[in-house]
Structures are given as structure tokens and as C-alpha cells.
$ cat final_12.csv   # CSV, C-alpha atoms and all ligand atoms
chain,number,residue,atom,x,y,z
A,14,MET,CA,36.9,55.5,34.1
A,15,ALA,CA,36.7,59.1,33.1
A,16,GLY,CA,33.4,60.3,31.8
A,17,TYR,CA,31.9,56.9,32.4
A,18,GLU,CA,28.6,58.2,33.9
A,19,ASN,CA,28.0,60.6,31.0
A,20,LEU,CA,28.1,57.9,28.4
A,21,GLY,CA,24.8,56.6,29.6
A,22,TRP,CA,25.1,52.9,29.1
A,23,ALA,CA,25.1,51.7,32.7
A,24,GLY,CA,22.6,54.5,33.5
A,25,ALA,CA,20.1,53.2,30.9
A,26,ASP,CA,16.6,52.6,32.3
A,27,THR,CA,16.9,48.9,31.9
A,28,GLY,CA,20.1,48.9,34.1
A,29,SER,CA,21.4,46.5,31.5
A,30,GLN,CA,25.1,45.7,31.2
A,31,MET,CA,27.2,45.1,28.1
A,32,ARG,CA,29.5,42.2,28.4
A,33,LEU,CA,31.5,41.5,25.2
A,34,LEU,CA,34.3,39.2,24.3
A,35,LEU,CA,36.6,39.8,21.3
A,36,ILE,CA,38.1,36.7,19.7
A,37,GLY,CA,40.8,36.9,17.0
A,38,ALA,CA,44.2,35.8,16.1
A,39,PRO,CA,47.3,37.7,17.1
A,40,GLY,CA,47.2,41.0,15.3
A,41,ALA,CA,43.5,40.7,14.4
A,42,GLY,CA,42.9,44.1,16.1
A,43,LYS,CA,41.4,42.9,19.4
A,44,GLY,CA,43.1,45.6,21.4
A,45,THR,CA,42.4,48.3,18.9
A,46,GLN,CA,38.7,47.5,18.7
A,47,ALA,CA,38.3,46.8,22.4
A,48,GLU,CA,39.6,50.2,23.2
A,49,ARG,CA,37.1,51.9,20.9
A,50,LEU,CA,34.2,49.8,22.1
A,51,ALA,CA,35.1,50.5,25.7
A,52,GLU,CA,35.2,54.2,25.1
A,53,ARG,CA,32.0,54.2,23.0
A,54,PHE,CA,29.9,52.3,25.5
A,55,GLY,CA,31.5,53.4,28.7
A,56,ILE,CA,32.6,49.9,29.7
A,57,ALA,CA,35.9,48.6,30.9
A,58,HIS,CA,38.5,47.2,28.5
A,59,ILE,CA,40.2,44.2,30.1
A,60,SER,CA,43.1,42.7,28.1
A,61,SER,CA,44.8,39.6,29.6
A,62,GLY,CA,47.9,40.2,27.5
A,63,ASP,CA,48.3,43.9,28.6
A,64,LEU,CA,47.9,42.9,32.2
A,65,LEU,CA,50.4,40.1,31.9
A,66,ARG,CA,52.9,42.4,30.1
A,67,ARG,CA,52.4,44.9,32.9
A,68,HIS,CA,53.3,42.3,35.5
A,69,VAL,CA,56.5,41.5,33.5
A,70,THR,CA,57.5,45.2,33.3
A,71,ASP,CA,56.8,45.7,37.0
A,72,GLY,CA,58.8,42.6,37.9
A,73,THR,CA,56.0,41.1,40.1
A,74,SER,CA,56.0,37.4,41.0
A,75,ILE,CA,53.4,36.8,38.4
A,76,GLY,CA,55.6,38.6,35.9
A,77,GLN,CA,58.6,36.4,36.7
A,78,LEU,CA,56.4,33.3,36.3
A,79,VAL,CA,54.9,34.3,32.9
A,80,GLN,CA,57.7,36.0,31.1
A,81,SER,CA,59.1,32.8,29.4
A,82,TYR,CA,55.6,31.9,28.2
A,83,LEU,CA,55.1,35.3,26.6
A,84,ASP,CA,58.6,35.2,25.1
A,85,ARG,CA,57.9,31.9,23.5
A,86,GLY,CA,54.3,32.7,22.4
A,87,ASP,CA,52.8,30.0,24.5
A,88,LEU,CA,49.7,30.4,26.7
A,89,VAL,CA,50.4,31.0,30.3
A,90,PRO,CA,48.9,28.5,32.8
A,91,ASP,CA,45.1,28.8,33.2
A,92,GLY,CA,45.3,29.3,36.9
A,93,VAL,CA,47.5,32.4,36.6
A,94,VAL,CA,45.2,34.1,34.2
A,95,MET,CA,42.0,33.2,36.0
A,96,ASP,CA,43.3,34.5,39.3
A,97,MET,CA,44.5,37.7,37.7
A,98,LEU,CA,41.2,38.4,36.0
A,99,ARG,CA,38.6,37.3,38.5
A,100,LYS,CA,38.4,40.6,40.4
A,101,PRO,CA,38.6,43.1,37.5
A,102,VAL,CA,36.0,41.2,35.5
A,103,VAL,CA,33.5,41.1,38.4
A,104,ALA,CA,34.2,44.7,39.3
A,105,ALA,CA,33.7,45.8,35.6
A,106,ALA,CA,30.5,43.9,35.3
A,107,GLU,CA,29.1,45.5,38.4
A,108,ALA,CA,30.1,48.9,37.1
A,109,GLY,CA,28.2,48.5,33.8
A,110,GLY,CA,30.1,46.0,31.7
A,111,TYR,CA,33.3,45.0,30.0
A,112,VAL,CA,34.9,44.1,26.7
A,113,LEU,CA,37.3,41.2,27.2
A,114,ASP,CA,40.3,41.1,24.9
A,115,GLY,CA,42.3,37.8,25.0
A,116,PHE,CA,40.4,35.9,27.6
A,117,PRO,CA,38.9,33.3,27.5
A,118,ARG,CA,41.3,32.0,25.0
A,119,THR,CA,40.6,28.3,25.2
A,120,VAL,CA,37.5,26.2,25.6
A,121,GLU,CA,38.8,25.1,29.0
A,122,GLN,CA,39.2,28.7,30.2
A,123,ALA,CA,35.7,29.5,28.9
A,124,ARG,CA,34.2,26.6,30.7
A,125,THR,CA,35.9,27.3,34.0
A,126,ALA,CA,35.2,31.0,33.8
A,127,PHE,CA,31.5,30.4,32.9
A,128,THR,CA,30.9,28.4,36.1
A,129,THR,CA,32.0,31.3,38.3
A,130,ALA,CA,30.7,34.1,36.1
A,131,GLN,CA,27.2,32.6,35.8
A,132,ALA,CA,26.8,32.3,39.5
A,133,LEU,CA,27.6,36.0,39.8
A,134,GLY,CA,25.5,37.0,36.7
A,135,VAL,CA,28.6,38.4,34.9
A,136,GLU,CA,29.0,35.9,32.1
A,137,VAL,CA,29.8,36.9,28.5
A,138,GLN,CA,26.7,37.9,26.5
A,139,VAL,CA,28.2,38.3,23.0
A,140,ALA,CA,31.3,37.0,21.3
A,141,VAL,CA,32.7,39.0,18.4
A,142,HIS,CA,35.1,37.2,16.0
A,143,LEU,CA,37.6,39.4,14.1
A,144,ASP,CA,38.5,37.6,11.0
A,145,VAL,CA,41.8,38.5,9.3
A,146,ALA,CA,43.8,36.4,6.8
A,147,ARG,CA,47.2,35.1,8.0
A,148,ALA,CA,49.3,37.1,5.6
A,149,GLU,CA,47.8,40.4,6.9
A,150,LEU,CA,48.3,39.3,10.5
A,151,VAL,CA,52.0,38.6,10.0
A,152,ARG,CA,52.4,41.9,8.1
A,153,ARG,CA,50.8,43.9,11.0
A,154,LEU,CA,52.8,42.1,13.7
A,155,LEU,CA,56.1,42.5,11.9
A,156,ALA,CA,55.4,46.1,11.3
A,157,ARG,CA,54.5,46.6,15.0
A,158,ARG,CA,57.5,44.7,16.5
A,159,ARG,CA,56.3,44.6,20.1
A,160,GLY,CA,59.5,43.3,21.7
A,161,SER,CA,60.3,39.6,21.7
A,162,GLU,CA,56.7,38.7,20.9
A,163,ASP,CA,56.8,40.0,17.4
A,164,THR,CA,59.7,38.2,15.9
A,165,GLU,CA,59.0,35.8,13.0
A,166,ILE,CA,59.5,32.6,15.0
A,167,VAL,CA,57.3,33.7,17.9
A,168,ILE,CA,54.6,35.1,15.6
A,169,GLU,CA,54.6,31.7,14.0
A,170,ARG,CA,54.1,30.0,17.4
A,171,ARG,CA,51.4,32.4,18.4
A,172,LEU,CA,49.4,31.8,15.2
A,173,GLN,CA,49.7,28.0,15.7
A,174,VAL,CA,48.5,28.3,19.3
A,175,TYR,CA,45.6,30.3,18.1
A,176,LEU,CA,44.6,27.6,15.5
A,177,ASP,CA,45.0,24.8,18.0
A,178,LYS,CA,43.6,26.3,21.2
A,179,THR,CA,41.5,29.3,20.4
A,180,VAL,CA,39.7,28.5,17.1
A,181,PRO,CA,37.6,25.8,18.9
A,182,LEU,CA,36.3,28.6,21.1
A,183,LEU,CA,34.4,30.0,18.1
A,184,THR,CA,32.3,26.8,18.0
A,185,TYR,CA,31.9,26.8,21.7
A,186,TYR,CA,30.5,30.3,21.8
A,187,ALA,CA,28.4,29.9,18.6
A,188,ASN,CA,26.6,27.1,20.3
A,189,ARG,CA,26.0,29.1,23.5
A,190,GLU,CA,26.0,32.9,23.2
A,191,LEU,CA,25.2,35.4,20.5
A,192,THR,CA,28.2,35.3,18.2
A,193,PHE,CA,29.1,37.1,15.0
A,194,THR,CA,32.1,37.5,12.7
A,195,VAL,CA,33.3,40.8,11.4
A,196,ASP,CA,35.8,41.3,8.5
A,197,GLY,CA,38.8,42.5,10.5
A,198,ALA,CA,40.9,43.3,7.4
A,199,GLN,CA,39.0,46.6,6.8
A,200,SER,CA,40.2,49.9,8.3
A,201,PRO,CA,39.9,50.2,12.1
A,202,ASP,CA,37.0,52.7,11.6
A,203,ALA,CA,35.1,50.3,9.3
A,204,VAL,CA,35.6,47.3,11.6
A,205,HIS,CA,34.3,49.4,14.6
A,206,ALA,CA,31.3,50.6,12.6
A,207,ASP,CA,30.5,47.0,11.6
A,208,ILE,CA,30.7,45.7,15.2
A,209,VAL,CA,28.4,48.5,16.4
A,210,ALA,CA,25.9,47.9,13.6
A,211,ARG,CA,25.8,44.2,14.4
A,212,LEU,CA,25.4,44.8,18.1
A,213,ARG,CA,22.4,47.1,17.4
A,214,ASP,CA,20.8,44.4,15.3
A,215,LEU,CA,21.1,41.7,17.9
A,216,PRO,CA,17.8,40.2,18.8
A,217,GLY,CA,16.4,39.7,22.3
A,218,VAL,CA,18.9,41.7,24.4
A,219,GLU,CA,17.0,44.5,26.1
A,220,GLY,CA,18.9,47.7,25.9
A,221,TRP,CA,21.5,46.8,23.3
A,222,ARG,CA,20.2,49.5,20.9
A,223,ALA,CA,20.8,52.2,23.5
A,224,ASP,CA,24.0,53.3,21.8
A,225,PRO,CA,24.8,56.5,23.6
A,226,VAL,CA,26.9,57.9,20.8
A,227,ALA,CA,25.3,57.0,17.5
B,1,LIG,P1,47.8,39.2,23.7
B,1,LIG,O1,48.3,40.4,24.2
B,1,LIG,O2,46.4,38.9,23.8
B,1,LIG,O3,48.3,39.0,22.2
B,1,LIG,P2,47.7,38.4,20.9
B,1,LIG,O4,46.5,37.7,21.0
B,1,LIG,O5,48.9,37.8,20.3
B,1,LIG,O6,47.3,39.7,20.1
B,1,LIG,P3,47.9,41.1,19.9
B,1,LIG,O7,47.8,41.9,21.1
B,1,LIG,O8,49.3,41.0,19.3
B,1,LIG,O9,47.0,41.6,18.7
B,1,LIG,P4,45.5,42.2,18.8
B,1,LIG,O10,44.6,41.3,18.2
B,1,LIG,O11,45.2,42.8,20.1
B,1,LIG,O12,45.7,43.4,17.7
B,1,LIG,P5,46.1,44.9,17.9
B,1,LIG,O13,44.9,45.7,18.1
B,1,LIG,O14,47.2,45.0,19.0
B,1,LIG,O15,48.6,37.9,24.4
B,1,LIG,C1,50.0,37.9,24.5
B,1,LIG,C2,50.4,36.7,25.3
B,1,LIG,O16,49.9,36.7,26.6
B,1,LIG,C3,50.0,35.4,24.7
B,1,LIG,O17,50.9,34.9,23.7
B,1,LIG,C4,50.1,34.5,25.9
B,1,LIG,O18,51.4,34.1,26.2
B,1,LIG,C5,49.6,35.4,27.0
B,1,LIG,N1,48.1,35.4,27.2
B,1,LIG,C6,47.2,36.4,27.0
B,1,LIG,N2,46.0,36.0,27.3
B,1,LIG,C7,46.1,34.7,27.7
B,1,LIG,C8,45.1,33.8,28.2
B,1,LIG,N3,43.8,34.1,28.3
B,1,LIG,N4,45.5,32.5,28.5
B,1,LIG,C9,46.8,32.2,28.5
B,1,LIG,N5,47.8,33.1,28.1
B,1,LIG,C10,47.4,34.3,27.7
B,1,LIG,O19,46.7,45.2,16.5
B,1,LIG,C11,47.9,44.7,16.1
B,1,LIG,C12,48.6,45.7,15.1
B,1,LIG,O20,47.8,45.8,14.0
B,1,LIG,C13,48.8,47.0,15.7
B,1,LIG,O21,50.0,47.6,15.2
B,1,LIG,C14,47.6,47.8,15.2
B,1,LIG,O22,47.8,49.2,15.1
B,1,LIG,C15,47.4,47.2,13.8
B,1,LIG,N6,46.0,47.1,13.4
B,1,LIG,C16,44.9,46.9,14.2
B,1,LIG,N7,43.7,46.9,13.5
B,1,LIG,C17,44.1,47.2,12.2
B,1,LIG,C18,43.4,47.4,11.0
B,1,LIG,N8,42.0,47.2,11.0
B,1,LIG,N9,44.0,47.6,9.9
B,1,LIG,C19,45.4,47.8,9.9
B,1,LIG,N10,46.2,47.6,11.0
B,1,LIG,C20,45.5,47.3,12.2
B,2,MG,MG,46.2,42.8,22.0

$ encode --input "final_12.csv" --output "C-alpha cells"
Amino acid sequence: MAGYENLGWAGADTGSQMRLLLIGAPGAGKGTQAERLAERFGIAHISSGDLLRRHVTDGTSIGQLVQSYLDRGDLVPDGVVMDMLRKPVVAAAEAGGYVLDGFPRTVEQARTAFTTAQALGVEVQVAVHLDVARAELVRRLLARRRGSEDTEIVIERRLQVYLDKTVPLLTYYANRELTFTVDGAQSPDAVHADIVARLRDLPGVEGWRADPVA
């Protein structure tokens, strides 16, 4: 991570880590915002979707296994995602923190990951929900056209999977961790500013206000 030490987060006197999770529908801006937060706070951006797509591009055995799920807009089996992410998540937490983008994505994944993560002290601290209306999501994805994933039929499937499998995660985190919702329909700059402001206001987390850039 270039420049990581200079951003100061992990080097804060408290030694505190920043462990965030972004939850949002396809096209809500998880990747866009995760990248900015990672850069701002000097933490790792871990995107399950990006990692899975890289496996497909590289033709690995995982890639061959998951391609049809990605092409259909279905979730890949939990075991594949958990095995793929365990090491990078633990390594990132030890190095100062992470922003997770796309994982956990179901209550089941969150429960399973929590058991392992808590034992290691690397569990998610804050869940950020990016809220964007359906019409805007579809507009963004059709404009982007990321291969077979961004066709009308697959977008429809991804949105349905989000409603069925991921929306319950909002309640799960609201009952456990610090959780807040941001209006994701604003410009990327405005969404980022809102997230940072809300993080600074969070109660009871030592070191959260040590924003190295603001
Ligand atoms: P994943 O890669 O996570 O895809 P997704 O959730 O469908 O979301 P996207 O990456 O399409 O959108 P995003 O929210 O990141 O938005 P982005 O910033 O790119 O997952 C892909 C697949 O992998 C899944 O379908 C599944 O098969 C599998 N998978 C992944 N994780 C899994 C898991 N945990 N378990 C099982 N299976 C898993 O922005 C989208 C577009 O909008 C861009 O063009 C961007 O420039 C634009 N944009 C962003 N923000 C704004 C804004 N504020 N205003 C205007 N435009 C904006
Ligand atoms: Mg993404």
C-alpha cells in the first residue's frame, strides 16, 4: 500500500484500526466509495466482486467455478468467498484496517465470518449503507456495461438477489454494530464527505476522529 505509513491512521497513538463494511445494491457506489475511503484512511480496500472477477480473468480453478454465477447474477457459494477472503481480511486488519466492499453479503456469511473474525479481533466495527433508488441503480449499471453482468436481465437478477439476501443484513448489523445510512444518489464527492462526517461523529470508538486528511 503506497504511502500507507504517511497517512497516519495505523500509526495513531491509540493503535486503533478502522474496519468498515459498505452495504449497497449493485451500482450503489460501493467500489467508488471504498476506494476513496481506503485512500483517505490508509486502509485496504477488499472487494469480493473484484477478486472473483480477477480469478475469472486469470482462469484459475476458482474462476472456472464461479464464472457461471457471476454471469447469471447469482451469489457464488459461501465457502468459495470465505476461503478467498480469510487471509486478506486478517492481513489487512493487522496492517491497520480495511473497508470491505461486497462481503459479507448475506446474514449467513456475516454470522460465519463473525465467529472467526471475533476470535482474531478483526470483526467489522461499522457498517455503512449506501442508499440509492432502483431507477438510478439501473441507469448507472446500463451506462457502465461491465461485460455480461450489466445486461438488463442480469441487472434485474442482481437487484432481486440484493433484496432477498442482502437487505436483511441491514437489520442484522443495525442490531449489532454501529450502522448508518448515507444518501448514495448524491455526487461521489458528496457521498464521501457524508460518510467521513458520520464516521467522525460516531460515539465511543477511540481514535475515529483522527482523520489524517481533514
Ligand atoms: P460485486 O462486484 O460486488 O457487484 P455488485 O454488488 O453488483 O456491485 P457493483 O460492483 O456493480 O456496484 P458498486 O456498488 O460497487 O458500484 P460502483 O462503485 O462500481 O459482485 C459481483 C458478483 O460477484 C455478484 O453478483 C456475485 O455473483 C459475486 N459476489 C461478490 N461478492 C459476493 C459474496 N460476498 N458472496 C457471494 N457472491 C459474491 O458504481 C457503479 C457505477 O456507478 C460506476 O459506473 C460508477 O462510476 C457509477 N457511480 C458510482 N457512484 C456514483 C455516484 N455517486 N453518482 C453517479 N454515478 C456513480
Ligand atoms: Mg463494486

$ residues_around --input "final_12.csv" --residues "Leu83 of chain A" --least-positions-apart "6" --cutoff "10 Å" --atoms "only C-alpha atoms" --output "ChimeraX atom specification"
/A:62,65-66,69,76,89,161-162,167,171

$ residues_near_ligand --input "final_12.csv" --ligand "ligand MG 2 (chain B)" --cutoff "9 Å" --atoms "only C-alpha atoms and all ligand atoms" --output "number ranges by chain"
A: 39-45, 47, 60-63, 114-115

$ residues_around --input "final_12.csv" --residues "Asp177 of chain A" --least-positions-apart "6" --cutoff "12 Å" --atoms "all atoms listed in the file" --output "list in words"
Ala38, Asp87, Leu88, Arg118, Thr119, Val120, Arg170, Arg171 and Leu183 of chain A

$ residues_around --input "final_12.csv" --residues "segment 184-189 of chain A" --least-positions-apart "5" --cutoff "9 Å" --atoms "only C-alpha atoms" --output "ChimeraX atom specification"
/A:120,123,139-140

$ closest_residue --input "final_12.csv" --among "A:Met95, A:Ala51, A:Val195, A:Val145" --to "Leu64 of chain A" --atoms "all atoms listed in the file"
A:Met95

$ closest_residue --input "final_12.csv" --among "A:Glu107, A:Asp207, A:Asp202, A:Glu165" --to "ligand LIG 1 (chain B)" --atoms "all atoms listed in the file"
A:Asp202

$ atom_distance --input "final_12.csv" --atom1 "atom CA of Gly86 of chain A" --atom2 "atom O18 of ligand LIG 1 (chain B)"
5.0 Å

$ decode --input "final_12.csv" --residues "segment 182-219 of chain A" --atoms "N, CA and C atoms" --output "PDB file, in the first residue's frame"
ATOM      1  N   LEU A 182     -29.397  -8.060   5.875  1.00  0.00           N
ATOM      2  CA  LEU A 182     -28.123  -7.773   6.539  1.00  0.00           C
ATOM      3  C   LEU A 182     -28.152  -6.409   7.232  1.00  0.00           C
ATOM      4  N   LEU A 183     -28.948  -5.494   6.699  1.00  0.00           N
ATOM      5  CA  LEU A 183     -29.033  -4.149   7.308  1.00  0.00           C
ATOM      6  C   LEU A 183     -29.578  -4.249   8.721  1.00  0.00           C
ATOM      7  N   THR A 184     -30.587  -5.079   8.898  1.00  0.00           N
ATOM      8  CA  THR A 184     -31.153  -5.268  10.241  1.00  0.00           C
ATOM      9  C   THR A 184     -30.161  -5.994  11.133  1.00  0.00           C
ATOM     10  N   TYR A 185     -29.510  -6.971  10.548  1.00  0.00           N
ATOM     11  CA  TYR A 185     -28.515  -7.739  11.319  1.00  0.00           C
ATOM     12  C   TYR A 185     -27.459  -6.792  11.897  1.00  0.00           C
ATOM     13  N   TYR A 186     -26.904  -5.915  11.059  1.00  0.00           N
ATOM     14  CA  TYR A 186     -25.851  -5.015  11.556  1.00  0.00           C
ATOM     15  C   TYR A 186     -26.414  -3.916  12.448  1.00  0.00           C
ATOM     16  N   ALA A 187     -27.604  -3.441  12.124  1.00  0.00           N
ATOM     17  CA  ALA A 187     -28.200  -2.381  12.954  1.00  0.00           C
ATOM     18  C   ALA A 187     -28.368  -2.863  14.386  1.00  0.00           C
ATOM     19  N   ASN A 188     -28.579  -4.143  14.562  1.00  0.00           N
ATOM     20  CA  ASN A 188     -28.755  -4.693  15.904  1.00  0.00           C
ATOM     21  C   ASN A 188     -27.437  -5.016  16.598  1.00  0.00           C
ATOM     22  N   ARG A 189     -26.339  -4.917  15.886  1.00  0.00           N
ATOM     23  CA  ARG A 189     -25.055  -5.363  16.460  1.00  0.00           C
ATOM     24  C   ARG A 189     -23.986  -4.281  16.473  1.00  0.00           C
ATOM     25  N   GLU A 190     -23.733  -3.687  15.305  1.00  0.00           N
ATOM     26  CA  GLU A 190     -22.608  -2.759  15.185  1.00  0.00           C
ATOM     27  C   GLU A 190     -23.133  -1.350  15.009  1.00  0.00           C
ATOM     28  N   LEU A 191     -22.219  -0.433  14.920  1.00  0.00           N
ATOM     29  CA  LEU A 191     -22.589   0.919  14.552  1.00  0.00           C
ATOM     30  C   LEU A 191     -22.935   0.906  13.070  1.00  0.00           C
ATOM     31  N   THR A 192     -24.099   1.399  12.753  1.00  0.00           N
ATOM     32  CA  THR A 192     -24.559   1.368  11.368  1.00  0.00           C
ATOM     33  C   THR A 192     -25.182   2.712  11.021  1.00  0.00           C
ATOM     34  N   PHE A 193     -24.919   3.214   9.831  1.00  0.00           N
ATOM     35  CA  PHE A 193     -25.644   4.401   9.384  1.00  0.00           C
ATOM     36  C   PHE A 193     -25.878   4.340   7.883  1.00  0.00           C
ATOM     37  N   THR A 194     -26.870   5.121   7.450  1.00  0.00           N
ATOM     38  CA  THR A 194     -27.243   5.158   6.038  1.00  0.00           C
ATOM     39  C   THR A 194     -26.880   6.518   5.457  1.00  0.00           C
ATOM     40  N   VAL A 195     -26.328   6.477   4.264  1.00  0.00           N
ATOM     41  CA  VAL A 195     -25.960   7.705   3.559  1.00  0.00           C
ATOM     42  C   VAL A 195     -26.734   7.737   2.244  1.00  0.00           C
ATOM     43  N   ASP A 196     -27.126   8.944   1.819  1.00  0.00           N
ATOM     44  CA  ASP A 196     -27.814   9.108   0.542  1.00  0.00           C
ATOM     45  C   ASP A 196     -26.807   8.929  -0.597  1.00  0.00           C
ATOM     46  N   GLY A 197     -26.832   7.755  -1.215  1.00  0.00           N
ATOM     47  CA  GLY A 197     -25.862   7.419  -2.250  1.00  0.00           C
ATOM     48  C   GLY A 197     -26.192   7.993  -3.611  1.00  0.00           C
ATOM     49  N   ALA A 198     -27.298   8.732  -3.720  1.00  0.00           N
ATOM     50  CA  ALA A 198     -27.676   9.312  -5.020  1.00  0.00           C
ATOM     51  C   ALA A 198     -26.974  10.646  -5.272  1.00  0.00           C
ATOM     52  N   GLN A 199     -26.285  11.143  -4.271  1.00  0.00           N
ATOM     53  CA  GLN A 199     -25.556  12.399  -4.441  1.00  0.00           C
ATOM     54  C   GLN A 199     -24.309  12.161  -5.303  1.00  0.00           C
ATOM     55  N   SER A 200     -23.559  13.226  -5.564  1.00  0.00           N
ATOM     56  CA  SER A 200     -22.316  13.065  -6.324  1.00  0.00           C
ATOM     57  C   SER A 200     -21.337  12.236  -5.497  1.00  0.00           C
ATOM     58  N   PRO A 201     -20.386  11.563  -6.144  1.00  0.00           N
ATOM     59  CA  PRO A 201     -19.399  10.786  -5.380  1.00  0.00           C
ATOM     60  C   PRO A 201     -18.692  11.607  -4.301  1.00  0.00           C
ATOM     61  N   ASP A 202     -18.370  12.862  -4.603  1.00  0.00           N
ATOM     62  CA  ASP A 202     -17.705  13.708  -3.587  1.00  0.00           C
ATOM     63  C   ASP A 202     -18.602  13.925  -2.381  1.00  0.00           C
ATOM     64  N   ALA A 203     -19.882  14.195  -2.639  1.00  0.00           N
ATOM     65  CA  ALA A 203     -20.817  14.463  -1.538  1.00  0.00           C
ATOM     66  C   ALA A 203     -21.049  13.209  -0.699  1.00  0.00           C
ATOM     67  N   VAL A 204     -21.133  12.060  -1.359  1.00  0.00           N
ATOM     68  CA  VAL A 204     -21.321  10.803  -0.616  1.00  0.00           C
ATOM     69  C   VAL A 204     -20.103  10.569   0.285  1.00  0.00           C
ATOM     70  N   HIS A 205     -18.927  10.763  -0.269  1.00  0.00           N
ATOM     71  CA  HIS A 205     -17.700  10.567   0.514  1.00  0.00           C
ATOM     72  C   HIS A 205     -17.681  11.511   1.723  1.00  0.00           C
ATOM     73  N   ALA A 206     -17.998  12.772   1.476  1.00  0.00           N
ATOM     74  CA  ALA A 206     -17.976  13.754   2.573  1.00  0.00           C
ATOM     75  C   ALA A 206     -18.965  13.363   3.667  1.00  0.00           C
ATOM     76  N   ASP A 207     -20.126  12.875   3.275  1.00  0.00           N
ATOM     77  CA  ASP A 207     -21.135  12.446   4.260  1.00  0.00           C
ATOM     78  C   ASP A 207     -20.622  11.281   5.104  1.00  0.00           C
ATOM     79  N   ILE A 208     -20.005  10.316   4.435  1.00  0.00           N
ATOM     80  CA  ILE A 208     -19.505   9.139   5.178  1.00  0.00           C
ATOM     81  C   ILE A 208     -18.447   9.578   6.185  1.00  0.00           C
ATOM     82  N   VAL A 209     -17.523  10.411   5.730  1.00  0.00           N
ATOM     83  CA  VAL A 209     -16.437  10.844   6.629  1.00  0.00           C
ATOM     84  C   VAL A 209     -17.012  11.624   7.811  1.00  0.00           C
ATOM     85  N   ALA A 210     -17.997  12.489   7.540  1.00  0.00           N
ATOM     86  CA  ALA A 210     -18.603  13.279   8.623  1.00  0.00           C
ATOM     87  C   ALA A 210     -19.295  12.360   9.628  1.00  0.00           C
ATOM     88  N   ARG A 211     -19.993  11.369   9.118  1.00  0.00           N
ATOM     89  CA  ARG A 211     -20.699  10.453  10.023  1.00  0.00           C
ATOM     90  C   ARG A 211     -19.712   9.612  10.836  1.00  0.00           C
ATOM     91  N   LEU A 212     -18.615   9.210  10.217  1.00  0.00           N
ATOM     92  CA  LEU A 212     -17.608   8.440  10.955  1.00  0.00           C
ATOM     93  C   LEU A 212     -17.031   9.272  12.087  1.00  0.00           C
ATOM     94  N   ARG A 213     -16.784  10.558  11.811  1.00  0.00           N
ATOM     95  CA  ARG A 213     -16.200  11.434  12.838  1.00  0.00           C
ATOM     96  C   ARG A 213     -17.132  11.612  14.020  1.00  0.00           C
ATOM     97  N   ASP A 214     -18.432  11.536  13.744  1.00  0.00           N
ATOM     98  CA  ASP A 214     -19.418  11.762  14.806  1.00  0.00           C
ATOM     99  C   ASP A 214     -19.726  10.512  15.628  1.00  0.00           C
ATOM    100  N   LEU A 215     -19.181   9.371  15.204  1.00  0.00           N
ATOM    101  CA  LEU A 215     -19.560   8.145  15.905  1.00  0.00           C
ATOM    102  C   LEU A 215     -19.121   8.177  17.361  1.00  0.00           C
ATOM    103  N   PRO A 216     -20.014   7.763  18.235  1.00  0.00           N
ATOM    104  CA  PRO A 216     -19.656   7.764  19.655  1.00  0.00           C
ATOM    105  C   PRO A 216     -18.853   6.526  20.042  1.00  0.00           C
ATOM    106  N   GLY A 217     -18.023   6.689  21.013  1.00  0.00           N
ATOM    107  CA  GLY A 217     -17.466   5.541  21.717  1.00  0.00           C
ATOM    108  C   GLY A 217     -16.397   4.750  20.999  1.00  0.00           C
ATOM    109  N   VAL A 218     -15.923   5.234  19.859  1.00  0.00           N
ATOM    110  CA  VAL A 218     -14.846   4.491  19.216  1.00  0.00           C
ATOM    111  C   VAL A 218     -13.594   5.351  19.281  1.00  0.00           C
ATOM    112  N   GLU A 219     -12.707   4.974  20.132  1.00  0.00           N
ATOM    113  CA  GLU A 219     -11.482   5.742  20.349  1.00  0.00           C
ATOM    114  C   GLU A 219     -10.707   5.848  19.042  1.00  0.00           C
TER     115      GLU A 219
END
